[in-house]
Amino acid sequence: MEPYGGSSSVGDVYGSPVIVRCLLDESTQQVTTPGGENVTSSSSYIAWPDHQPPLNSRVTLPDGRKTKVIKVGRINAVGLPVPNNTQVFLQ
């Protein structure tokens with residue numbers, strides 16, 4: 001994952017790549033972006049709760065395909081025998 005840093009006169013700017021340990025789900029689903037737009041997500045992943053990538057961050061999947069973060073959500077598992085986590089939806 002390369003965190004999105006904004007736009008410049010030559011295009012998008014990304015931070016240094018980091019490896020994210022996660023559970024990858026490559027099922028397609030409809031999600032609503034923070035801006036209220038309904039879009040199709042080609043995949044998502046679940047990571048530790050402190051993982052909060054900026055929207056538009058670039059993600060390289062195990063098969064080499066590059067995609068971008070379109071939505072980030074926190075999952076709180078209060079009272080359940082599972083950890084809290086973050087779910088990241090990808091373009």
# chains A, B, ... in the order shown; residues from 1 in each chain; ligands from 1

$ select_by_dssp --residues "chain A" --states "strand (DSSP E or B)" --output "PyMOL selection string"
chain A and resi 2+4-8+11-14+23-25+29-32+38-41+43-47+58-60+66-75+85-90

$ write_last_selection --atoms "C-alpha atoms" --output "PDB file, in the first residue's frame"
ATOM      1  CA  GLU A   2       1.270   3.443  -0.941  1.00  0.00           C
ATOM      2  CA  TYR A   4      -2.000   8.984  -1.061  1.00  0.00           C
ATOM      3  CA  GLY A   5      -0.288  12.314  -0.475  1.00  0.00           C
ATOM      4  CA  GLY A   6      -2.293  14.580  -2.789  1.00  0.00           C
ATOM      5  CA  SER A   7      -1.987  15.901  -6.319  1.00  0.00           C
ATOM      6  CA  SER A   8       0.798  17.857  -7.948  1.00  0.00           C
ATOM      7  CA  GLY A  11      -0.123  13.860 -11.104  1.00  0.00           C
ATOM      8  CA  ASP A  12      -0.907  12.024  -7.886  1.00  0.00           C
ATOM      9  CA  VAL A  13       1.740  11.815  -5.158  1.00  0.00           C
ATOM     10  CA  TYR A  14       2.197   8.694  -3.019  1.00  0.00           C
ATOM     11  CA  LEU A  23      -7.326 -10.739   5.077  1.00  0.00           C
ATOM     12  CA  LEU A  24      -8.103 -10.123   1.392  1.00  0.00           C
ATOM     13  CA  ASP A  25     -11.627 -10.622   0.012  1.00  0.00           C
ATOM     14  CA  GLN A  29     -19.852  -5.484  -4.046  1.00  0.00           C
ATOM     15  CA  GLN A  30     -21.590  -2.115  -4.120  1.00  0.00           C
ATOM     16  CA  VAL A  31     -20.366   0.458  -1.580  1.00  0.00           C
ATOM     17  CA  THR A  32     -21.229   4.066  -0.860  1.00  0.00           C
ATOM     18  CA  ASN A  38     -22.517   4.346  -5.131  1.00  0.00           C
ATOM     19  CA  VAL A  39     -19.592   2.520  -6.713  1.00  0.00           C
ATOM     20  CA  THR A  40     -18.524  -1.065  -7.337  1.00  0.00           C
ATOM     21  CA  SER A  41     -15.713  -2.380  -5.167  1.00  0.00           C
ATOM     22  CA  SER A  43     -12.157  -6.293  -3.497  1.00  0.00           C
ATOM     23  CA  SER A  44     -11.622  -5.358   0.122  1.00  0.00           C
ATOM     24  CA  TYR A  45      -9.306  -6.244   2.948  1.00  0.00           C
ATOM     25  CA  ILE A  46      -9.454  -6.364   6.725  1.00  0.00           C
ATOM     26  CA  ALA A  47      -6.480  -5.161   8.762  1.00  0.00           C
ATOM     27  CA  ARG A  58      -2.601   2.901  -4.186  1.00  0.00           C
ATOM     28  CA  VAL A  59      -2.740  -0.824  -3.354  1.00  0.00           C
ATOM     29  CA  THR A  60      -0.958  -3.614  -5.225  1.00  0.00           C
ATOM     30  CA  LYS A  66      -2.993  -2.032  -8.842  1.00  0.00           C
ATOM     31  CA  THR A  67      -6.116  -0.442  -7.408  1.00  0.00           C
ATOM     32  CA  LYS A  68      -7.076   2.456  -5.133  1.00  0.00           C
ATOM     33  CA  VAL A  69      -8.759   2.848  -1.750  1.00  0.00           C
ATOM     34  CA  ILE A  70     -12.351   4.102  -2.132  1.00  0.00           C
ATOM     35  CA  LYS A  71     -13.682   3.660   1.426  1.00  0.00           C
ATOM     36  CA  VAL A  72     -12.299   2.881   4.891  1.00  0.00           C
ATOM     37  CA  GLY A  73     -14.497   1.658   7.737  1.00  0.00           C
ATOM     38  CA  ARG A  74     -13.860   0.709  11.346  1.00  0.00           C
ATOM     39  CA  ILE A  75     -15.368  -2.480  12.719  1.00  0.00           C
ATOM     40  CA  ASN A  85     -10.366  -4.038  12.819  1.00  0.00           C
ATOM     41  CA  THR A  86     -10.454  -1.814   9.758  1.00  0.00           C
ATOM     42  CA  GLN A  87     -12.110  -2.770   6.476  1.00  0.00           C
ATOM     43  CA  VAL A  88     -10.694  -1.132   3.347  1.00  0.00           C
ATOM     44  CA  PHE A  89     -12.712  -1.187   0.113  1.00  0.00           C
ATOM     45  CA  LEU A  90     -10.804  -1.039  -3.178  1.00  0.00           C
TER      46      LEU A  90
END

$ atom_distance --atom1 "CA of Gly36 in chain A" --atom2 "CA of Gln52 in chain A"
19.6 Å

$ atom_distance --atom1 "CA of Val18 in chain A" --atom2 "CA of Gln91 in chain A"
18.9 Å

$ atom_distance --atom1 "CA of Val20 in chain A" --atom2 "CA of Ala77 in chain A"
20.8 Å

$ decode --residues "range 19-34 of chain A" --atoms "all heavy atoms" --output "tab-separated table (two decimals), in the first residue's frame"
chain	number	residue	atom	x	y	z
A	19	ILE	N	4.06	-2.87	3.44
A	19	ILE	CA	3.35	-4.14	3.36
A	19	ILE	C	2.31	-4.16	4.47
A	19	ILE	O	2.62	-3.87	5.63
A	19	ILE	CB	4.32	-5.32	3.49
A	19	ILE	CG1	5.26	-5.34	2.28
A	19	ILE	CG2	3.56	-6.64	3.61
A	19	ILE	CD1	6.36	-6.36	2.36
A	20	VAL	N	1.08	-4.50	4.11
A	20	VAL	CA	-0.02	-4.55	5.08
A	20	VAL	C	-0.45	-6.01	5.24
A	20	VAL	O	-0.87	-6.64	4.28
A	20	VAL	CB	-1.22	-3.70	4.59
A	20	VAL	CG1	-2.38	-3.82	5.57
A	20	VAL	CG2	-0.80	-2.26	4.40
A	21	ARG	N	-0.32	-6.53	6.46
A	21	ARG	CA	-0.82	-7.87	6.75
A	21	ARG	C	-2.33	-7.77	6.88
A	21	ARG	O	-2.83	-6.95	7.66
A	21	ARG	CB	-0.19	-8.41	8.02
A	21	ARG	CG	1.29	-8.68	7.84
A	21	ARG	CD	1.86	-9.29	9.04
A	21	ARG	NE	1.05	-10.47	9.39
A	21	ARG	CZ	1.32	-11.29	10.37
A	21	ARG	NH1	2.35	-11.10	11.13
A	21	ARG	NH2	0.54	-12.32	10.62
A	22	CYS	N	-3.04	-8.58	6.09
A	22	CYS	CA	-4.49	-8.43	6.06
A	22	CYS	C	-5.16	-9.71	5.57
A	22	CYS	O	-4.50	-10.63	5.10
A	22	CYS	CB	-4.87	-7.27	5.15
A	22	CYS	SG	-4.41	-7.53	3.42
A	23	LEU	N	-6.49	-9.70	5.65
A	23	LEU	CA	-7.33	-10.74	5.08
A	23	LEU	C	-7.96	-10.14	3.83
A	23	LEU	O	-8.72	-9.18	3.93
A	23	LEU	CB	-8.40	-11.17	6.08
A	23	LEU	CG	-9.46	-12.13	5.56
A	23	LEU	CD1	-8.83	-13.47	5.22
A	23	LEU	CD2	-10.55	-12.31	6.60
A	24	LEU	N	-7.63	-10.67	2.67
A	24	LEU	CA	-8.10	-10.12	1.39
A	24	LEU	C	-9.36	-10.85	0.94
A	24	LEU	O	-9.42	-12.07	0.96
A	24	LEU	CB	-7.01	-10.27	0.33
A	24	LEU	CG	-7.35	-9.79	-1.08
A	24	LEU	CD1	-7.59	-8.29	-1.10
A	24	LEU	CD2	-6.22	-10.17	-2.04
A	25	ASP	N	-10.37	-10.08	0.54
A	25	ASP	CA	-11.63	-10.62	0.01
A	25	ASP	C	-11.80	-10.06	-1.39
A	25	ASP	O	-11.97	-8.86	-1.56
A	25	ASP	CB	-12.79	-10.20	0.91
A	25	ASP	CG	-14.15	-10.65	0.39
A	25	ASP	OD1	-14.20	-11.42	-0.60
A	25	ASP	OD2	-15.16	-10.23	0.97
A	26	GLU	N	-11.74	-10.92	-2.40
A	26	GLU	CA	-11.82	-10.45	-3.77
A	26	GLU	C	-13.22	-10.60	-4.36
A	26	GLU	O	-13.38	-10.85	-5.54
A	26	GLU	CB	-10.78	-11.16	-4.64
A	26	GLU	CG	-9.37	-10.79	-4.22
A	26	GLU	CD	-8.32	-11.21	-5.22
A	26	GLU	OE1	-8.10	-10.46	-6.18
A	26	GLU	OE2	-7.73	-12.28	-5.02
A	27	SER	N	-14.26	-10.40	-3.53
A	27	SER	CA	-15.62	-10.42	-4.07
A	27	SER	C	-16.05	-9.00	-4.41
A	27	SER	O	-15.66	-8.03	-3.77
A	27	SER	CB	-16.60	-11.06	-3.10
A	27	SER	OG	-16.27	-10.86	-1.78
A	28	THR	N	-16.86	-8.91	-5.46
A	28	THR	CA	-17.36	-7.63	-5.94
A	28	THR	C	-18.61	-7.24	-5.17
A	28	THR	O	-19.47	-8.08	-4.92
A	28	THR	CB	-17.68	-7.73	-7.45
A	28	THR	OG1	-16.49	-8.13	-8.13
A	28	THR	CG2	-18.16	-6.41	-8.00
A	29	GLN	N	-18.68	-5.96	-4.78
A	29	GLN	CA	-19.85	-5.48	-4.05
A	29	GLN	C	-20.06	-3.99	-4.27
A	29	GLN	O	-19.13	-3.28	-4.64
A	29	GLN	CB	-19.71	-5.80	-2.56
A	29	GLN	CG	-18.46	-5.22	-1.92
A	29	GLN	CD	-18.26	-5.73	-0.52
A	29	GLN	OE1	-19.17	-5.70	0.29
A	29	GLN	NE2	-17.06	-6.20	-0.22
A	30	GLN	N	-21.27	-3.53	-4.03
A	30	GLN	CA	-21.59	-2.12	-4.12
A	30	GLN	C	-21.29	-1.46	-2.78
A	30	GLN	O	-21.65	-2.00	-1.73
A	30	GLN	CB	-23.07	-1.92	-4.45
A	30	GLN	CG	-23.45	-2.28	-5.86
A	30	GLN	CD	-22.90	-1.28	-6.87
A	30	GLN	OE1	-22.85	-0.08	-6.63
A	30	GLN	NE2	-22.48	-1.78	-8.00
A	31	VAL	N	-20.62	-0.31	-2.81
A	31	VAL	CA	-20.37	0.46	-1.58
A	31	VAL	C	-20.71	1.92	-1.84
A	31	VAL	O	-20.71	2.38	-2.98
A	31	VAL	CB	-18.90	0.33	-1.10
A	31	VAL	CG1	-18.56	-1.09	-0.73
A	31	VAL	CG2	-17.93	0.86	-2.12
A	32	THR	N	-20.98	2.63	-0.78
A	32	THR	CA	-21.23	4.07	-0.86
A	32	THR	C	-19.99	4.78	-0.34
A	32	THR	O	-19.55	4.54	0.79
A	32	THR	CB	-22.46	4.46	-0.02
A	32	THR	OG1	-23.58	3.69	-0.47
A	32	THR	CG2	-22.77	5.94	-0.17
A	33	THR	N	-19.40	5.63	-1.17
A	33	THR	CA	-18.20	6.36	-0.79
A	33	THR	C	-18.54	7.43	0.25
A	33	THR	O	-19.72	7.77	0.42
A	33	THR	CB	-17.56	7.04	-2.02
A	33	THR	OG1	-18.45	8.05	-2.49
A	33	THR	CG2	-17.24	6.03	-3.11
A	34	PRO	N	-17.54	7.98	0.93
A	34	PRO	CA	-17.82	9.05	1.89
A	34	PRO	C	-18.52	10.25	1.24
A	34	PRO	O	-19.24	10.98	1.91
A	34	PRO	CB	-16.43	9.44	2.39
A	34	PRO	CG	-15.61	8.21	2.22
A	34	PRO	CD	-16.15	7.56	0.97
